[in-house]
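One structure below.
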Number of protein chains: 4
Amino acid sequence: MGSSFGTVLKISTFGESHGGGVGAVIEGCPPRLPLSLADIQIELDRRRPGQSHLTTQRQEADQVEILSGVFEGYTTGVPIGVLVRNKDARPAAYEHLKGLYRPSHADYTYEAKYGHRNWQGSGRASARETIGRVAAGAVARKLLSAVGEVEIVAWVCQVGKITGHIDSETVTRVAVEEHATRCPDPGVRDTMATAITNARRDGDSLGGVVACVVRGVPPGLGDPVFDRFEADLAKAMLSLPAVKGFEIGSGFGGVLLRGSEHNDLFDTDPDGKIRTRTNYSGGVQGGITNGENIFFRVAFKPTATISRSQETRNRDGDSVVFAGKGRHDPCVVPRAVPMVEAMCCLVLADHFLRQRTVDLLPPL
Amino acid sequence: MGSSFGTVLKISTFGESHGGGVGAVIEGCPPRLPLSLADIQIELDRRRPGQSHLTTQRQEADQVEILSGVFEGYTTGVPIGVLVRNKDARPAAYEHLKGLYRPSHADYTYEAKYGHRNWQGSGRASARETIGRVAAGAVARKLLSAVGEVEIVAWVCQVGKITGHIDSETVTRVAVEEHATRCPDPGVRDTMATAITNARRDGDSLGGVVACVVRGVPPGLGDPVFDRFEADLAKAMLSLPAVKGFEIGSGFGGVLLRGSEHNDLFDTDPDGKIRTRTNYSGGVQGGITNGENIFFRVAFKPTATISRSQETRNRDGDSVVFAGKGRHDPCVVPRAVPMVEAMCCLVLADHFLRQRTVDLLPPL
Amino acid sequence: MGSSFGTVLKISTFGESHGGGVGAVIEGCPPRLPLSLADIQIELDRRRPGQSHLTTQRQEADQVEILSGVFEGYTTGVPIGVLVRNKDARPAAYEHLKGLYRPSHADYTYEAKYGHRNWQGSGRASARETIGRVAAGAVARKLLSAVGEVEIVAWVCQVGKITGHIDSETVTRVAVEEHATRCPDPGVRDTMATAITNARRDGDSLGGVVACVVRGVPPGLGDPVFDRFEADLAKAMLSLPAVKGFEIGSGFGGVLLRGSEHNDLFDTDPDGKIRTRTNYSGGVQGGITNGENIFFRVAFKPTATISRSQETRNRDGDSVVFAGKGRHDPCVVPRAVPMVEAMCCLVLADHFLRQRTVDLLPPL
Amino acid sequence: MGSSFGTVLKISTFGESHGGGVGAVIEGCPPRLPLSLADIQIELDRRRPGQSHLTTQRQEADQVEILSGVFEGYTTGVPIGVLVRNKDARPAAYEHLKGLYRPSHADYTYEAKYGHRNWQGSGRASARETIGRVAAGAVARKLLSAVGEVEIVAWVCQVGKITGHIDSETVTRVAVEEHATRCPDPGVRDTMATAITNARRDGDSLGGVVACVVRGVPPGLGDPVFDRFEADLAKAMLSLPAVKGFEIGSGFGGVLLRGSEHNDLFDTDPDGKIRTRTNYSGGVQGGITNGENIFFRVAFKPTATISRSQETRNRDGDSVVFAGKGRHDPCVVPRAVPMVEAMCCLVLADHFLRQRTVDLLPPL
């Protein structure tokens, strides 16, 4: 259990950092959707290591192969298998990690849970696992684009103590992709880049916040009680490596407002459509989308791997000094942007398909 | 879909604010667990309306009935059905809400999703729905108490702009229950109570934050990749009404630290057991518990129902002035405490049972 | 686990023979479906004990209550809770069964599995458990009637060695309900009734076969690979008490044919619609309905409870002579007819809703 | 939906007859299980085409690759990905099938369901899909062997009208593997082989029955109500291609007995263990194993592909004469034996793991 996500559009991922490869089986994608390798590769390219000077230097082209479920350029409705081979795997480089519990990594907890683990490059706990999700998210995005005008844009809004100011109503993917930080605020992005570079230089790392907006969502998606749209989003985001927090709409800041300030008053737009004047709700009310922009933020902790020496313990309980070598991201948020989008696309597409089973009978 | 939660210990809830009643079917509770009505009623009493001057004045004794699954004082392993009848239901009092979209309520979104809804007292979107969860959570708590020394304590740590200072290492349930606010900080709790009373007097409402600690959790619970312990917790919390944010361990604040500060260095305790020196991780690493205290915080928005007049719209798009009458909580967090604990117990017990299927074969 | 069924239209049942009652939570029924108590009661009346001289004499009116999910005569899309109280419960009458393992009952296996069981009237293993399913099946049937012209008719086609000859193309529910045996063949049904009466007189019991046809199913329902339509039907039927076999279309008899005889050649009907000339497939090919009649048969063993003395063992391994008293069906098939139909309706409705998520994009 | 099976031990399969390959993701296998390629390959070799003169002449070595989840010879508890590449794929050979609806194949129903399909070699509906299951079944078998003395033996007991007589108490896998028919009855197996050869010569095909016994199952596996052991087995078997019937224990034949004959009287064995004197129940009572041998039978229809000409229709409704060419099994049952065993192993292992979550608390 634990490696599957979704109900109608359901994915099962597999794979470790070193070994045969990583991938996913994507079930429940409707047939007749045009789908090409490029549709998936474009998202993997945004996620892959080595794409800029701010990320890990591990070199992986992360070329995806579609094993099944697509025929003559269209999905067939049966499971889509995707596979990415591990290329720049250097298992020998990890020999010294064998019995070690790196601080704030999953070494100890995997040992506690499973009693046997692939310790090469973090094994299953490696962020390479997210390849399957990003590939699946690309399929979900393609599906969403076939049925509506949904836009999903995530961006870096904070790195360490540096905060960007970005208008979620207008931010575009192009603006996000312009800069290696994936922060679309020209006023701070270079400072952010420098901070990341400095952290690496210091043998240290930084945390950050990724924000995400979804524009053009129809009202009515999400299921009370447990599968509220925001609950499924929260789970999706907290399932990403290094995430420590999630908030939607007003989030933790909303606690400071009174109800009379926080309530989103209903209004009608010129077409007579029901809208809200403000959007503290972040696009969901009672667990269901209300047609306003969905807006949420995700907190990522500073990367656990740092090249500075730290004292830790090994499997025998002995004190060991450990310093990370080489290939790691000094700050994960630039590469986390496509991961956040992928998980968001999966939640959206799943709830879109679920709503098809609700919206069946004629209006009363 | 949407009204079930859990994988091994699985609950399905039903019921609306007005109608036959609310309840749950609890599947997967192991047999031979001593379970009495009182075990469940005690938690419902903490949740029920009318328990203090800070909560809604709706009078509901919320007496629970066990319909099945318990025999001669012990669970039998088959589904436990629980039912609470609605007593103080006044459907007529809601007649004026029939076509109305109350601000930041689920009226509009239920209409958009379902096209037909029970508009009496918010129907399924009422917080009365949480009765089934709290009852199920009481069963989960009983199970946890039968297999270990786990302590789950939640408390109010913030109301509006007033923040309490509470030591999560030592806070007790007794201290939480001492005060109607369920804030165990004697330095601020009266101020909080006054703030809530004032908000009600002003026809307004307040938000708040509930914190929760779990002490005594064994390492190894939680499943990578998607069913990380914190991901399931996040979903559980965001599925509660009025929740807008979740953070675990260092949360959003952890973003401000560098990796060298944030990393929890491993150490050994006097018994040679692996421990961490700090707990920014909040008790989970790589999605799996590490044996340290689990610590998380949940943000609740200010109550949407306020008695102050607000302009909103009805089903026909007409402008309508609406003011909530009478029975609602000016601040939900005191009553949210048992809900947070209940959902936490459900996640914990489920993952405890899941781990039974992992920890099968002898050590290598 | 084990008390839930279905994926989109999903039911969770609860309850034992003696205790608070039996019922179900029905999730995933679309909103805006007209649904009354009578829609459900009519099916429960076909299932209830004491309806004819051929069935058990336990007197249960089995009056159903809808606890939730229906408002002003229509479903609201949220879970429908249904409850039937146990009335003619005589726990004292079962005191002698406490430690006994009745032959071919579930006493021993429940003990082996759970180590604690409700031994009153078979507890959860009682056929009263099927009340929740029959109620849910009635909801499914109502849904099917709202979206098409599907007819589901089950009947008794064999009792012991007596076999009826019924044309599945034309058999009607009215014809089935005409006789207490629920066998629509006037040539054998009285003989069947006599056989059942004689078996009871002899302190013995009989088995039988229920056949079922579904007419008017659209092609395209059922999901390869594991959730084939016939696989889900098989599971549904084998989940009914006393069932030992299932066959669809040609079934075990089809083994005797050669491929050239067994293949259903495609043809077109006068409207140009694709049809098959024969229907050995029983309406499913490759796990998916082909638009022909679905036809299947279900074997029920002779009732385990008989009033004749049998030697068995108790919990301590002692030899005990046991003779069933009073209230049991000498042959279950007449009352099994509505159960078979109910489970069939649930499978059909679930797959109908699932297909909504497949049939989304325009034809190529 | 539809390509996953199991609850704790859960598999998701993917792949078509022609394309990148076929495989499975196996979730929930406990860590520390010794597992080698050979453990899986041995079962695939029993399933693969071209293994004898009685099977299809398609040449596929079906070499399996383990992509993940195994490290240094032991499972790690994370998903096991397995992949078999398609080698002897000749898509061009299927060009003439493009718009054709072969009789009793899934061409028409896939078209009806999906509106777009991979028509090369039956695509997803090909029996090659079972490779993923057989590989997963091998893992399940390995797990079962690590925790007990369970023996799972399936064999061919009927081909067309020829029936073998085999003692399920004593039949061995060695005896089954001795003959290309996989019928262990020396009195009929050559006749069966001749019948199959003759059917091929006649451009025709035969059906058959596979029986299966499981010895050494502990009592207590299986979950009432819906996930009865026999219900999950029935679903597993009906999910195999070409299956039209399933029966357990006395099956359809049990209908001819009276209760007094059919009841399995309890007794004690010399060790004082509860046993039954007969086993009409087939090892399950009330959906739960009772410790006796599980015995069931599965009916396979005659192969739909025959080389004899048949009239059928194409996508446009035109009459077309079709004759299968070359590579198909004239009778599927010899190769179905490992498939039946694989699905049985999956059901058993899943319920074994599920029972771990039930059997938790001390005896009362």
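Labels for the structure tokens follow display order: chains A, B, ..., residues from 1 in each chain, ligands from 1.
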So that I can check the surroundings of Lys142 in chain D, please list as number ranges by chain every protein, DNA and RNA residue that reaches within 12 Å of it, counting only C-alpha atoms and ignoring chain neighbours fewer than 5 positions away.
D: 29-30, 32-40, 42-43, 74-75, 135-137, 147-152, 342, 345-346, 348-349
Rows by chain and residue number, chain D within 6 Å of chain C, shortest pair, only C-alpha atoms, as CSV:
residue,atom,partner,partner_atom,distance
D:Gly2,CA,C:Asp227,CA,4.6
D:Ser3,CA,C:Val225,CA,5.1
D:Pro103,CA,C:Leu265,CA,5.0
D:Ser104,CA,C:Asn263,CA,5.3
D:Ala106,CA,C:Gly286,CA,4.7
D:Thr109,CA,C:Asn290,CA,5.6
D:Ala112,CA,C:Gly220,CA,5.1
D:Lys113,CA,C:Gly220,CA,3.9
D:Gly160,CA,C:Leu256,CA,4.8
D:Lys161,CA,C:Leu256,CA,5.4
D:Asp204,CA,C:Gly259,CA,5.8
D:Ser205,CA,C:Gly259,CA,4.9
D:Leu206,CA,C:Arg258,CA,5.0
D:Gly207,CA,C:Val255,CA,4.5
D:Gly208,CA,C:Val255,CA,5.3
D:Gly220,CA,C:Lys113,CA,3.9
D:Asp223,CA,C:Gly2,CA,5.1
D:Pro224,CA,C:Gly2,CA,5.6
D:Val225,CA,C:Ser3,CA,5.1
D:Phe226,CA,C:Ser239,CA,5.0
D:Asp227,CA,C:Gly2,CA,4.6
D:Arg228,CA,C:Ser239,CA,5.9
D:Ala231,CA,C:Lys235,CA,4.5
D:Ala234,CA,C:Lys235,CA,5.7
D:Lys235,CA,C:Ala231,CA,4.5
D:Leu238,CA,C:Ala231,CA,4.6
D:Ser239,CA,C:Phe226,CA,5.0
D:Lys244,CA,C:Gly251,CA,4.6
D:Gly245,CA,C:Glu247,CA,4.0
D:Phe246,CA,C:Phe246,CA,5.4
D:Glu247,CA,C:Gly245,CA,4.0
D:Ile248,CA,C:Lys244,CA,5.4
D:Gly251,CA,C:Lys244,CA,4.6
D:Phe252,CA,C:Ala299,CA,5.4
D:Gly254,CA,C:Lys301,CA,5.9
D:Val255,CA,C:Gly207,CA,4.5
D:Leu256,CA,C:Gly160,CA,4.8
D:Arg258,CA,C:Leu206,CA,5.0
D:Gly259,CA,C:Pro302,CA,4.9
D:Asn263,CA,C:Ser104,CA,5.3
D:Asp264,CA,C:Ser104,CA,5.5
D:Leu265,CA,C:Pro103,CA,5.1
D:Phe266,CA,C:Thr312,CA,4.8
D:Gln285,CA,C:Ala106,CA,5.3
D:Gly286,CA,C:Ala106,CA,4.7
D:Ile288,CA,C:Thr109,CA,5.8
D:Asn290,CA,C:Thr109,CA,5.5
D:Ala299,CA,C:Phe252,CA,5.4
D:Lys301,CA,C:Val255,CA,5.4
D:Pro302,CA,C:Gly259,CA,4.9
D:Thr303,CA,C:Gly259,CA,5.9
D:Ala304,CA,C:Gly259,CA,5.9
D:Thr312,CA,C:Phe266,CA,4.8
D:Arg313,CA,C:Phe266,CA,5.7
For N, CA and C atoms, I'd like the residues from the last selection saved as a short mmCIF file (atom, residue, chain, number, x, y, z; two decimals), in the first residue's frame.
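Okay, out_27.cif is ready:
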data_model
loop_
_atom_site.label_atom_id
_atom_site.label_comp_id
_atom_site.auth_asym_id
_atom_site.auth_seq_id
_atom_site.Cartn_x
_atom_site.Cartn_y
_atom_site.Cartn_z
N GLY D 2 -10.01 -1.17 -13.13
CA GLY D 2 -10.16 -2.50 -13.69
C GLY D 2 -8.86 -3.26 -13.87
N SER D 3 -7.72 -2.61 -13.80
CA SER D 3 -6.46 -3.30 -14.02
C SER D 3 -5.68 -3.52 -12.72
N PRO D 103 -15.47 -13.39 -34.24
CA PRO D 103 -16.52 -13.96 -33.40
C PRO D 103 -16.01 -14.34 -32.00
N SER D 104 -16.77 -14.00 -31.02
CA SER D 104 -16.48 -14.34 -29.61
C SER D 104 -15.14 -13.82 -29.11
N ALA D 106 -12.97 -10.00 -28.28
CA ALA D 106 -13.32 -8.75 -27.62
C ALA D 106 -13.24 -7.55 -28.57
N THR D 109 -16.53 -5.48 -28.48
CA THR D 109 -16.83 -4.87 -27.18
C THR D 109 -15.80 -3.80 -26.81
N ALA D 112 -16.88 -0.88 -28.70
CA ALA D 112 -18.08 -0.28 -28.11
C ALA D 112 -17.71 0.51 -26.85
N LYS D 113 -16.79 -0.01 -26.10
CA LYS D 113 -16.43 0.64 -24.84
C LYS D 113 -15.53 1.84 -25.05
N GLY D 160 -12.80 -30.85 -23.54
CA GLY D 160 -13.99 -31.23 -24.32
C GLY D 160 -14.83 -32.20 -23.51
N LYS D 161 -15.09 -33.38 -24.07
CA LYS D 161 -15.92 -34.35 -23.37
C LYS D 161 -15.13 -35.38 -22.57
N ASP D 204 -10.36 -26.30 -35.64
CA ASP D 204 -11.35 -26.05 -34.60
C ASP D 204 -10.65 -25.96 -33.23
N SER D 205 -11.42 -25.91 -32.18
CA SER D 205 -10.83 -25.76 -30.85
C SER D 205 -11.69 -26.45 -29.81
N LEU D 206 -11.13 -26.61 -28.61
CA LEU D 206 -11.82 -27.30 -27.53
C LEU D 206 -11.80 -26.45 -26.25
N GLY D 207 -12.79 -26.69 -25.40
CA GLY D 207 -12.80 -26.09 -24.07
C GLY D 207 -12.26 -27.07 -23.04
N GLY D 208 -12.31 -26.69 -21.80
CA GLY D 208 -11.83 -27.59 -20.77
C GLY D 208 -12.09 -27.06 -19.38
N GLY D 220 -9.53 -19.46 9.09
CA GLY D 220 -9.69 -18.05 9.47
C GLY D 220 -9.43 -17.06 8.35
N ASP D 223 -12.94 -12.77 4.37
CA ASP D 223 -13.67 -11.76 5.13
C ASP D 223 -15.14 -11.78 4.77
N PRO D 224 -15.98 -12.12 5.70
CA PRO D 224 -17.36 -11.80 5.41
C PRO D 224 -17.49 -10.29 5.32
N VAL D 225 -18.35 -9.82 4.53
CA VAL D 225 -19.49 -10.33 3.81
C VAL D 225 -19.17 -10.44 2.32
N PHE D 226 -18.61 -9.35 1.78
CA PHE D 226 -18.44 -9.33 0.33
C PHE D 226 -17.13 -9.99 -0.09
N ASP D 227 -16.13 -9.88 0.75
CA ASP D 227 -14.83 -10.42 0.40
C ASP D 227 -14.65 -11.83 0.95
N ARG D 228 -15.71 -12.61 0.87
CA ARG D 228 -15.58 -14.01 1.22
C ARG D 228 -14.45 -14.61 0.42
N ALA D 231 -15.65 -15.73 -2.82
CA ALA D 231 -16.07 -14.64 -3.71
C ALA D 231 -14.84 -14.03 -4.38
N ALA D 234 -13.64 -16.49 -6.93
CA ALA D 234 -14.52 -16.50 -8.11
C ALA D 234 -14.19 -15.32 -9.01
N LYS D 235 -14.03 -14.17 -8.40
CA LYS D 235 -13.67 -12.99 -9.19
C LYS D 235 -12.33 -13.21 -9.88
N LEU D 238 -12.88 -15.72 -12.80
CA LEU D 238 -13.67 -15.16 -13.90
C LEU D 238 -12.95 -14.00 -14.58
N SER D 239 -11.91 -13.49 -13.95
CA SER D 239 -11.15 -12.41 -14.59
C SER D 239 -10.14 -12.96 -15.59
N LYS D 244 -15.85 -19.24 -18.14
CA LYS D 244 -17.31 -19.08 -18.13
C LYS D 244 -17.96 -19.62 -16.87
N GLY D 245 -17.18 -20.27 -15.98
CA GLY D 245 -17.83 -20.81 -14.79
C GLY D 245 -16.83 -21.10 -13.69
N PHE D 246 -17.36 -21.09 -12.47
CA PHE D 246 -16.56 -21.35 -11.26
C PHE D 246 -17.43 -22.10 -10.28
N GLU D 247 -16.85 -23.10 -9.64
CA GLU D 247 -17.58 -23.72 -8.54
C GLU D 247 -16.59 -24.15 -7.47
N ILE D 248 -17.05 -24.11 -6.24
CA ILE D 248 -16.20 -24.47 -5.11
C ILE D 248 -16.87 -25.60 -4.35
N GLY D 251 -20.21 -27.43 -5.47
CA GLY D 251 -20.59 -26.67 -6.66
C GLY D 251 -21.99 -26.92 -7.14
N PHE D 252 -22.16 -26.95 -8.48
CA PHE D 252 -23.48 -27.19 -9.05
C PHE D 252 -23.98 -28.58 -8.70
N GLY D 254 -23.70 -30.06 -5.94
CA GLY D 254 -24.20 -30.09 -4.56
C GLY D 254 -25.69 -29.83 -4.46
N VAL D 255 -26.23 -29.21 -5.50
CA VAL D 255 -27.65 -28.90 -5.54
C VAL D 255 -28.49 -30.19 -5.49
N LEU D 256 -27.90 -31.28 -5.94
CA LEU D 256 -28.65 -32.54 -6.02
C LEU D 256 -28.72 -33.26 -4.67
N ARG D 258 -29.32 -33.54 -0.43
CA ARG D 258 -30.09 -32.96 0.68
C ARG D 258 -29.12 -32.44 1.74
N GLY D 259 -29.61 -31.58 2.59
CA GLY D 259 -28.77 -31.02 3.65
C GLY D 259 -28.12 -32.08 4.51
N ASN D 263 -24.14 -31.65 4.55
CA ASN D 263 -23.48 -31.03 5.71
C ASN D 263 -22.18 -31.75 6.05
N ASP D 264 -21.16 -30.96 6.30
CA ASP D 264 -19.86 -31.51 6.69
C ASP D 264 -19.80 -31.59 8.21
N LEU D 265 -20.00 -32.78 8.74
CA LEU D 265 -20.04 -32.92 10.20
C LEU D 265 -18.66 -32.67 10.80
N PHE D 266 -18.66 -31.96 11.90
CA PHE D 266 -17.39 -31.69 12.57
C PHE D 266 -16.93 -32.90 13.37
N GLN D 285 -16.38 -21.92 4.83
CA GLN D 285 -17.72 -21.88 5.43
C GLN D 285 -17.98 -20.47 5.89
N GLY D 286 -19.09 -19.91 5.44
CA GLY D 286 -19.39 -18.52 5.77
C GLY D 286 -18.36 -17.56 5.22
N ILE D 288 -15.12 -18.07 5.04
CA ILE D 288 -13.85 -18.14 5.77
C ILE D 288 -13.30 -19.55 5.67
N ASN D 290 -11.78 -23.08 6.59
CA ASN D 290 -11.96 -23.88 7.81
C ASN D 290 -10.80 -24.84 8.05
N ALA D 299 -14.27 -23.37 -15.49
CA ALA D 299 -14.62 -23.79 -16.86
C ALA D 299 -14.09 -22.79 -17.89
N LYS D 301 -14.03 -21.85 -21.96
CA LYS D 301 -14.73 -22.10 -23.22
C LYS D 301 -13.72 -22.52 -24.30
N PRO D 302 -14.20 -23.13 -25.38
CA PRO D 302 -13.29 -23.43 -26.49
C PRO D 302 -12.71 -22.13 -27.06
N THR D 303 -11.44 -22.17 -27.41
CA THR D 303 -10.74 -21.00 -27.96
C THR D 303 -11.56 -20.36 -29.09
N ALA D 304 -11.67 -19.05 -29.02
CA ALA D 304 -12.46 -18.35 -30.04
C ALA D 304 -11.77 -18.35 -31.40
N THR D 312 -18.58 -13.21 -40.32
CA THR D 312 -18.72 -12.24 -39.23
C THR D 312 -18.95 -10.86 -39.84
N ARG D 313 -18.79 -9.83 -39.06
CA ARG D 313 -19.04 -8.47 -39.54
C ARG D 313 -17.83 -7.58 -39.27
#
In Å to one decimal, how far is CA of Arg128 in chain D from CA of Glu72 in chain A?
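Atom-to-atom, CA of Glu72 in chain A to CA of Arg128 in chain D, that is 20.3 Å.
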Extract the full set of strand (DSSP E or B) residues from range 155-326 of chain C according to DSSP on the backbone, and format it as an MDAnalysis selection string.
chainID C and resid 155:159 162:163 206 208:215 243:248 258 266:268 274:276 284:285 288:289 294:300 310:314 319:322
Next on the checklist: Could you list, as a PyMOL selection string, every residue within 8 Å of Val337 in chain B, counting only C-alpha atoms and ignoring same-chain residues fewer than 3 positions away?
Outcome noted: chain B and resi 154-156+182+210+333-334+340-341
(request) Could you check which of D:Leu54, D:Leu83, D:Val78, D:Ala61 is closest to Ala193 in chain D, using only C-alpha atoms? (result)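 For Ala193 in chain D, the nearest of the given residues is D:Leu54.
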**Request:** Check range 1-250 of chain A with DSSP on the backbone and list each residue it calls helix (DSSP H, G or I), as a ChimeraX atom specification.
**Result:** /A:37-47,91-97,107-114,120-125,127-147,173-177,189-201,229-238
Find, counting only C-alpha atoms, the residue in A:Asp350, A:Glu169, A:Glu60, A:Asp329 that gets nearest to Thr197 in chain A.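 So, comparing all the options, the nearest one is A:Asp329.
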Q) So how many Å separate CA of Leu97 in chain A and CA of Glu16 in chain A, to one decimal? A)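 According to the coordinates, CA of Leu97 in chain A and CA of Glu16 in chain A are separated by 15.6 Å.
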CA of Gln120 in chain D to CA of Glu95 in chain D measures 7.5 Å
